[in-house]
Structures are given as structure tokens and as C-alpha cells.
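Next comes structure11.csv, a file with CSV, C-alpha atoms.
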```csv
chain,number,residue,atom,x,y,z
R,185,PRO,CA,22.8,23.1,-0.1
R,186,LYS,CA,26.2,23.0,1.5
R,187,LEU,CA,27.7,20.2,3.6
R,188,GLU,CA,28.0,22.4,6.7
R,189,ASP,CA,24.2,23.2,6.4
R,190,ILE,CA,23.1,19.6,6.7
R,191,TYR,CA,21.3,18.8,9.9
R,192,ALA,CA,20.2,15.2,10.0
R,193,PRO,CA,17.5,14.4,12.6
R,194,GLU,CA,15.7,11.1,12.2
R,195,THR,CA,12.5,12.9,11.4
R,196,HIS,CA,14.0,14.2,8.1
R,197,ALA,CA,14.8,10.7,6.9
R,198,ALA,CA,11.6,10.4,4.8
R,199,ALA,CA,12.7,13.4,2.8
R,200,LEU,CA,15.6,11.4,1.5
R,201,ASP,CA,14.2,7.9,1.6
R,202,PRO,CA,13.9,6.6,-2.0
R,203,THR,CA,11.0,4.4,-1.0
R,204,THR,CA,8.9,7.4,0.0
R,205,PRO,CA,7.6,8.8,-3.3
R,206,ILE,CA,5.9,12.0,-1.9
R,207,VAL,CA,7.2,14.5,0.6
R,208,LEU,CA,4.6,17.1,1.6
R,209,GLY,CA,5.5,20.4,3.2
R,210,ALA,CA,4.6,24.0,3.1
R,211,ARG,CA,6.6,26.6,1.3
R,212,GLY,CA,9.9,27.2,3.0
R,213,THR,CA,10.1,24.0,5.0
R,214,GLY,CA,13.3,22.7,3.3
R,215,LYS,CA,11.9,20.5,0.5
R,216,SER,CA,14.2,22.0,-2.1
R,217,PHE,CA,17.1,21.7,0.3
R,218,TRP,CA,16.6,17.9,0.6
R,219,ALA,CA,16.0,17.7,-3.1
R,220,GLY,CA,19.4,19.4,-3.6
R,221,VAL,CA,21.1,17.0,-1.2
R,222,LEU,CA,19.7,14.1,-3.2
R,223,GLY,CA,20.9,15.6,-6.5
R,224,ASN,CA,24.5,16.2,-5.3
R,225,GLU,CA,26.6,13.1,-5.1
R,226,ASP,CA,29.0,14.5,-2.4
R,227,LEU,CA,26.1,15.7,-0.2
R,228,ARG,CA,24.2,12.5,-0.8
R,229,SER,CA,27.2,10.6,0.4
R,230,ALA,CA,27.4,12.6,3.6
R,231,ALA,CA,23.7,12.1,4.1
R,232,ALA,CA,24.2,8.3,3.6
R,233,THR,CA,26.5,8.4,6.7
R,234,ALA,CA,23.7,10.0,8.8
R,235,TYR,CA,21.0,7.8,7.3
R,236,PRO,CA,22.7,4.4,6.6
R,237,ARG,CA,19.5,2.4,6.3
R,238,LEU,CA,18.2,4.4,3.3
R,239,GLY,CA,20.8,3.0,0.8
R,240,LEU,CA,21.6,6.5,-0.5
R,241,THR,CA,24.9,5.3,-1.9
R,242,ARG,CA,23.0,3.0,-4.4
R,243,LEU,CA,21.2,6.0,-5.9
R,244,ASP,CA,21.7,7.6,-9.2
R,245,VAL,CA,19.6,10.8,-9.0
R,246,ARG,CA,18.2,12.8,-11.9
R,247,PHE,CA,15.8,15.7,-11.8
R,248,GLY,CA,12.5,15.3,-13.7
R,249,TYR,CA,11.2,18.8,-12.9
R,250,THR,CA,13.0,21.7,-11.1
R,251,GLY,CA,10.9,24.7,-12.0
R,252,ILE,CA,13.8,26.2,-13.9
R,253,GLY,CA,15.3,25.2,-17.2
R,254,GLY,CA,18.8,23.8,-17.8
R,255,LEU,CA,20.6,20.6,-18.1
R,256,SER,CA,19.6,19.2,-14.8
R,257,GLY,CA,15.9,19.6,-14.9
R,258,VAL,CA,12.8,20.8,-16.8
R,259,GLY,CA,11.3,24.1,-16.0
R,260,GLN,CA,7.9,25.8,-16.5
R,261,GLU,CA,8.8,27.2,-19.9
R,262,LYS,CA,9.4,23.7,-21.3
R,263,LEU,CA,6.3,22.4,-19.5
R,264,ASP,CA,4.2,25.1,-21.1
R,265,GLN,CA,5.7,24.5,-24.5
R,266,SER,CA,5.1,20.7,-24.2
R,267,VAL,CA,1.6,20.8,-22.7
R,268,PRO,CA,-0.6,23.5,-24.3
R,269,ALA,CA,-3.0,25.5,-22.1
R,270,ASP,CA,-6.0,23.6,-23.6
R,271,ALA,CA,-4.4,20.1,-23.2
R,272,GLY,CA,-6.2,17.4,-21.4
R,273,ILE,CA,-5.1,14.8,-18.8
R,274,ASP,CA,-3.7,12.4,-21.4
R,275,GLU,CA,-1.3,15.0,-22.8
R,276,ALA,CA,-0.2,16.0,-19.3
R,277,ARG,CA,0.5,12.4,-18.5
R,278,VAL,CA,2.6,12.0,-21.7
R,279,PHE,CA,4.7,15.0,-20.5
R,280,TRP,CA,5.5,13.4,-17.2
R,281,TRP,CA,6.3,10.1,-18.8
R,282,ALA,CA,8.7,12.0,-21.1
R,283,THR,CA,10.5,13.4,-18.1
R,284,ILE,CA,11.1,9.9,-16.9
R,285,LEU,CA,12.4,8.8,-20.3
R,286,ARG,CA,14.6,11.9,-20.2
R,287,ALA,CA,16.0,10.8,-16.9
R,288,LEU,CA,16.7,7.3,-18.3
R,289,ALA,CA,18.4,8.8,-21.3
R,290,SER,CA,20.6,11.0,-19.1
R,291,VAL,CA,22.0,8.0,-17.3
R,292,SER,CA,23.4,6.6,-20.5
R,293,ALA,CA,26.3,8.2,-22.3
R,294,GLN,CA,24.1,9.1,-25.3
R,295,PRO,CA,23.2,12.7,-26.2
R,296,LEU,CA,20.1,13.8,-24.4
R,297,PRO,CA,17.1,13.8,-26.7
R,298,GLY,CA,14.7,16.8,-26.7
R,299,LEU,CA,11.4,16.7,-25.0
R,300,PRO,CA,9.4,16.7,-28.3
R,301,LYS,CA,11.1,13.4,-29.3
R,302,LEU,CA,10.7,12.0,-25.8
R,303,MET,CA,7.0,12.9,-25.8
R,304,THR,CA,6.5,10.9,-29.0
R,305,GLU,CA,8.2,7.9,-27.4
R,306,ALA,CA,6.1,8.5,-24.2
R,307,ARG,CA,2.9,8.4,-26.2
R,308,ASP,CA,3.8,4.9,-27.5
R,309,LEU,CA,2.9,2.6,-24.6
R,310,ASP,CA,4.9,-0.3,-26.0
R,311,THR,CA,8.1,1.8,-26.5
R,312,ARG,CA,7.7,3.4,-23.1
R,313,GLU,CA,7.3,0.1,-21.3
R,314,VAL,CA,10.2,-1.5,-23.1
R,315,LYS,CA,12.5,1.4,-22.2
R,316,LEU,CA,11.4,1.3,-18.6
R,317,SER,CA,11.6,-2.4,-18.3
R,318,GLU,CA,15.1,-2.6,-19.8
R,319,ALA,CA,16.3,0.2,-17.6
R,320,ASP,CA,14.7,-1.3,-14.5
R,321,GLN,CA,16.4,-4.7,-15.2
R,322,ALA,CA,19.8,-3.2,-16.0
R,323,LEU,CA,19.7,-1.1,-12.8
R,324,GLY,CA,18.6,-4.0,-10.8
R,325,LYS,CA,21.5,-6.2,-12.0
R,326,SER,CA,23.9,-3.4,-11.1
R,327,GLY,CA,22.4,-2.9,-7.7
R,328,LYS,CA,21.6,0.8,-8.5
R,329,ILE,CA,18.4,2.7,-8.2
R,330,LEU,CA,17.5,5.6,-10.5
R,331,LEU,CA,15.7,8.2,-8.4
R,332,ILE,CA,13.9,10.9,-10.4
R,333,VAL,CA,13.3,13.9,-8.3
R,334,TYR,CA,10.5,16.5,-8.9
R,335,ASP,CA,10.9,19.7,-7.0
R,336,ALA,CA,9.3,23.2,-7.1
R,337,LEU,CA,6.0,21.7,-8.2
R,338,ASP,CA,4.2,24.8,-7.1
R,339,THR,CA,5.6,26.4,-10.2
R,340,VAL,CA,3.9,24.1,-12.7
R,341,ALA,CA,1.1,26.5,-13.3
R,342,THR,CA,-0.3,29.9,-12.3
R,343,SER,CA,-4.0,28.9,-12.4
R,344,TRP,CA,-5.6,26.3,-10.1
R,345,PRO,CA,-7.3,24.3,-12.9
R,346,ARG,CA,-4.0,23.8,-14.8
R,347,ARG,CA,-2.2,23.1,-11.5
R,348,ARG,CA,-4.8,20.5,-10.6
R,349,LEU,CA,-4.6,18.9,-14.1
R,350,LEU,CA,-0.8,18.7,-14.1
R,351,THR,CA,-0.6,17.5,-10.5
R,352,GLN,CA,-3.3,14.8,-11.1
R,353,ALA,CA,-1.4,13.6,-14.2
R,354,LEU,CA,1.9,13.5,-12.3
R,355,LEU,CA,0.3,11.5,-9.4
R,356,GLU,CA,-1.2,9.0,-11.8
R,357,VAL,CA,2.3,8.5,-13.3
R,358,VAL,CA,3.8,8.0,-9.9
R,359,TRP,CA,1.1,5.4,-9.1
R,360,ALA,CA,1.9,3.6,-12.4
R,361,MET,CA,5.6,3.6,-11.6
R,362,ARG,CA,5.1,1.3,-8.6
R,363,ALA,CA,5.7,-1.6,-10.9
R,364,TYR,CA,9.3,-0.7,-11.3
R,365,ARG,CA,11.8,-1.6,-8.5
R,366,SER,CA,14.9,0.2,-9.7
R,367,VAL,CA,13.4,3.3,-11.3
R,368,ARG,CA,11.6,5.4,-8.7
R,369,MET,CA,10.1,8.9,-8.5
R,370,LYS,CA,10.2,11.3,-5.6
R,371,LEU,CA,8.0,14.4,-5.5
R,372,PHE,CA,8.5,17.3,-3.2
R,373,LEU,CA,5.0,18.9,-2.9
```

Write out the structure in this file as C-alpha cells.
Amino acid sequence: PKLEDIYAPETHAAALDPTTPIVLGARGTGKSFWAGVLGNEDLRSAAATAYPRLGLTRLDVRFGYTGIGGLSGVGQEKLDQSVPADAGIDEARVFWWATILRALASVSAQPLPGLPKLMTEARDLDTREVKLSEADQALGKSGKILLIVYDALDTVATSWPRRRLLTQALLEVVWAMRAYRSVRMKLFL
């Protein structure tokens, strides 16, 4: 997105609101546009002027899934490599937890660990909870909110059974994340 493309009617506020975890919309309705606004500090700052009550200036935004690979997000290739075709719901949940741990790691100045290492940490409930709790407390003290954005979720799979499995696992993780105040997830479905 570009600054001159932002049109900010009140009805679009939910697409940016960090307290709204799921934004539903058909293909081509602008979900990726708003995900891009959230992910760009300059555009998010401009949107904060249009939507002052949302607290967008307090956000640190990272991408959990983008449909394409790269430094800013995880794409389908990494997903397929991490969650084999015959995987069950537990392994799918571990993958989504690993994307959260990846976002937490990207906030720190440390080198970003690979997904295999993060999946090992995500499988260990105690390790995962400690990392999330520590990050949630630190962010809370600083007054910041880490918003982890998941976009292009229609690209997670090419078959309906796999898409259902991965989506169900992701929604279960979103539900579990309600316990954290300063680490939040936002899905564009």
C-alpha cells in the first residue's frame, strides 16, 4: 500500500483494530491492503491519525504468515516443509505456535532462529509459555503491543482437508492467545 491509497472510513476500523483478531472478507476486498498498512510503520502512523482510538502507535507488527517466503513472513513452502501432508492437528498447532515464537524472536535484536528450532520450542509447553509470558510482561511494561498478522491464508493449502486442518489449528491457537494482553494475533481470512 501507498499513503495516497489510504481511504479511512469508520467501517474499515475493524481491519486495523488490534483487539479484533479475525477480519473476514472475500478475495479482493482489501484484506492484504490493510495487513500491509499494519506492517508498515509509516502507513500505520498515518492510519493512527485517521483512527486515533485504536492505539496504532503502540503497535509493533510482525507477520506470522504471508503466503510468500522471506524475512517478513512465512510462506506456503515453509509451511509444507514444517507440516508434512500426513500431519495431524497437533503438528499443525505446533507450526502456528512456532510462528508466534518467530515473531517474538524478531522483536529482539537476536538472530532469527529457523522454524525447525522454533517448532521444537513450540512443542515444549513449558518453554512456550515462559517465552510468551516473559514477552507479554515486557511489552506490557513498555506500553507496547506485539501484533502478529496472518495474511493470504487462502494459500495455506490447495486441498480442502489440509486447508481445514491448518485453519482449525490456527483458530485454536488464536483462541489460546486470549490469555495474553500485549501479544496479539490478527488473521485476515

Quick one, how far is CA of Arg312 in chain R from CA of Val278 in chain R?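 Atom-to-atom, CA of Arg312 in chain R and CA of Val278 in chain R are spaced 10.1 Å apart.
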
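Using only C-alpha atoms, the nearest neighbour of Ile329 in chain R within the list R:Tyr364, R:Phe279, R:Tyr249, R:Phe372 is R:Tyr364.
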
Counting only C-alpha atoms, which of R:Trp281, R:Lys370, R:Leu330, R:Asp320 gets nearest to Glu305 in chain R?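 Closest residue, counting only C-alpha atoms: R:Trp281.
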
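The space between CA of Arg286 in chain R and CA of Gly248 in chain R spans 7.6 Å.
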
Let me make sure I understand: among R:Leu285, R:Asp335, R:Arg368, R:Ser216, which one has the smallest atom-to-atom distance to Asp308 in chain R if we use all atoms listed in the file? R:Leu285

Need the shell around range 206-214 of chain R: protein/DNA/RNA residues with any atom at most 10 Å away, counting only C-alpha atoms. Skip same-chain ones fewer than 2 positions apart. Format as a list of chain:residue names?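 Residues meeting the cut-off are R:His196, R:Ala198, R:Ala199, R:Leu200, R:Asp201, R:Pro202, R:Thr203, R:Thr204, R:Ser216, R:Phe217, R:Trp218, R:Ala219, R:Gly220, R:Val333, R:Tyr334, R:Asp335, R:Ala336, R:Asp338, R:Leu355, R:Val358, R:Met369, R:Lys370, R:Leu371, R:Phe372, R:Leu373.
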
Can you list, as a ChimeraX atom specification, every protein, DNA or RNA residue that comes within 10 Å of Leu255 in chain R when you count all atoms listed in the file, leaving out same-chain residues fewer than 6 positions away? /R:247,290,296

Name the closest residue to Arg365 in chain R among the candidates R:Gln321, R:Ser256, R:Ser343, R:Ser326; distances are taken between atoms, counting all atoms listed in the file.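 Among R:Gln321, R:Ser256, R:Ser343, R:Ser326, it is R:Gln321 that comes nearest to Arg365 in chain R.
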
Would you kindly return, as an mmCIF file with C-alpha atoms, in the coordinates of the input, each protein, DNA or RNA residue with an atom no farther than 7 Å from any atom of Leu350 in chain R, considering only C-alpha atoms and excluding same-chain residues fewer than 4 positions away?
```cif
data_model
loop_
_atom_site.group_PDB
_atom_site.id
_atom_site.type_symbol
_atom_site.label_atom_id
_atom_site.label_comp_id
_atom_site.auth_asym_id
_atom_site.auth_seq_id
_atom_site.Cartn_x
_atom_site.Cartn_y
_atom_site.Cartn_z
ATOM 1 C CA ALA R 276 -0.200 16.000 -19.300
ATOM 2 C CA ARG R 346 -4.000 23.800 -14.800
ATOM 3 C CA LEU R 354 1.900 13.500 -12.300
#
```

Residue nearest Asn224 in chain R among R:Leu238, R:Ala322, R:Val245, R:Leu288 (counting only C-alpha atoms):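 Among R:Leu238, R:Ala322, R:Val245, R:Leu288, it is R:Val245 that comes nearest to Asn224 in chain R.
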
For range 217-220 of chain R, I'd like the enclosing box, axis-aligned and padded by 6 Å on every side, reported as JSON with centre and edge lengths in Å to one decimal.
```
{"center_x": 17.7, "center_y": 19.7, "center_z": -1.5, "size_x": 15.4, "size_y": 16.0, "size_z": 16.2}
```

Could you add whatever atoms are missing so that range 245-256 of chain R carries all heavy atoms, then write the result as a short mmCIF file (atom, residue, chain, number, x, y, z; two decimals), keeping the file's coordinate frame?
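So out37.cif came out as:
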```cif
data_model
loop_
_atom_site.label_atom_id
_atom_site.label_comp_id
_atom_site.auth_asym_id
_atom_site.auth_seq_id
_atom_site.Cartn_x
_atom_site.Cartn_y
_atom_site.Cartn_z
N VAL R 245 20.74 9.87 -9.09
CA VAL R 245 19.60 10.80 -9.00
C VAL R 245 19.63 11.74 -10.22
O VAL R 245 20.66 12.28 -10.61
CB VAL R 245 19.71 11.65 -7.70
CG1 VAL R 245 18.59 12.68 -7.63
CG2 VAL R 245 19.65 10.73 -6.49
N ARG R 246 18.45 11.90 -10.79
CA ARG R 246 18.20 12.80 -11.90
C ARG R 246 16.99 13.66 -11.52
O ARG R 246 16.12 13.21 -10.79
CB ARG R 246 17.97 12.11 -13.21
CG ARG R 246 19.13 11.26 -13.68
CD ARG R 246 20.30 12.14 -14.11
NE ARG R 246 21.32 11.39 -14.78
CZ ARG R 246 22.44 10.97 -14.20
NH1 ARG R 246 22.67 11.19 -12.94
NH2 ARG R 246 23.35 10.31 -14.89
N PHE R 247 16.92 14.86 -12.07
CA PHE R 247 15.80 15.70 -11.80
C PHE R 247 14.80 15.61 -12.98
O PHE R 247 15.18 15.74 -14.14
CB PHE R 247 16.19 17.16 -11.61
CG PHE R 247 16.84 17.38 -10.27
CD1 PHE R 247 18.22 17.37 -10.14
CD2 PHE R 247 16.07 17.57 -9.13
CE1 PHE R 247 18.82 17.56 -8.91
CE2 PHE R 247 16.66 17.74 -7.89
CZ PHE R 247 18.04 17.74 -7.78
N GLY R 248 13.52 15.39 -12.66
CA GLY R 248 12.50 15.30 -13.70
C GLY R 248 11.86 16.71 -13.90
O GLY R 248 11.49 17.06 -15.01
N TYR R 249 11.75 17.49 -12.82
CA TYR R 249 11.20 18.80 -12.90
C TYR R 249 11.86 19.65 -11.79
O TYR R 249 11.95 19.16 -10.65
CB TYR R 249 9.69 18.86 -12.75
CG TYR R 249 9.11 20.24 -12.91
CD1 TYR R 249 8.81 20.77 -14.16
CD2 TYR R 249 8.88 21.06 -11.80
CE1 TYR R 249 8.31 22.05 -14.30
CE2 TYR R 249 8.37 22.34 -11.94
CZ TYR R 249 8.08 22.83 -13.19
OH TYR R 249 7.58 24.09 -13.33
N THR R 250 12.30 20.86 -12.13
CA THR R 250 13.00 21.70 -11.10
C THR R 250 12.37 23.10 -11.05
O THR R 250 12.76 23.88 -10.19
CB THR R 250 14.46 21.85 -11.47
OG1 THR R 250 14.58 22.40 -12.79
CG2 THR R 250 15.18 20.52 -11.38
N GLY R 251 11.46 23.41 -11.96
CA GLY R 251 10.90 24.70 -12.00
C GLY R 251 11.72 25.73 -12.79
O GLY R 251 11.23 26.78 -13.17
N ILE R 252 12.97 25.39 -13.04
CA ILE R 252 13.80 26.20 -13.90
C ILE R 252 14.46 25.35 -14.94
O ILE R 252 14.68 24.16 -14.73
CB ILE R 252 14.94 26.95 -13.05
CG1 ILE R 252 15.74 25.94 -12.23
CG2 ILE R 252 14.35 28.02 -12.17
CD1 ILE R 252 16.93 26.54 -11.52
N GLY R 253 14.74 25.94 -16.08
CA GLY R 253 15.30 25.20 -17.20
C GLY R 253 16.78 24.89 -16.96
O GLY R 253 17.38 25.33 -15.99
N GLY R 254 17.34 24.14 -17.86
CA GLY R 254 18.80 23.80 -17.80
C GLY R 254 18.99 22.35 -17.99
O GLY R 254 18.06 21.58 -18.22
N LEU R 255 20.24 21.96 -17.90
CA LEU R 255 20.60 20.60 -18.10
C LEU R 255 20.08 19.62 -17.07
O LEU R 255 19.80 18.47 -17.36
CB LEU R 255 22.13 20.44 -18.24
CG LEU R 255 22.77 21.11 -19.45
CD1 LEU R 255 24.28 21.00 -19.37
CD2 LEU R 255 22.25 20.49 -20.74
N SER R 256 19.97 20.09 -15.85
CA SER R 256 19.60 19.20 -14.80
C SER R 256 18.14 19.01 -14.55
O SER R 256 17.72 18.15 -13.78
CB SER R 256 20.30 19.61 -13.47
OG SER R 256 19.80 20.87 -13.07
#
```
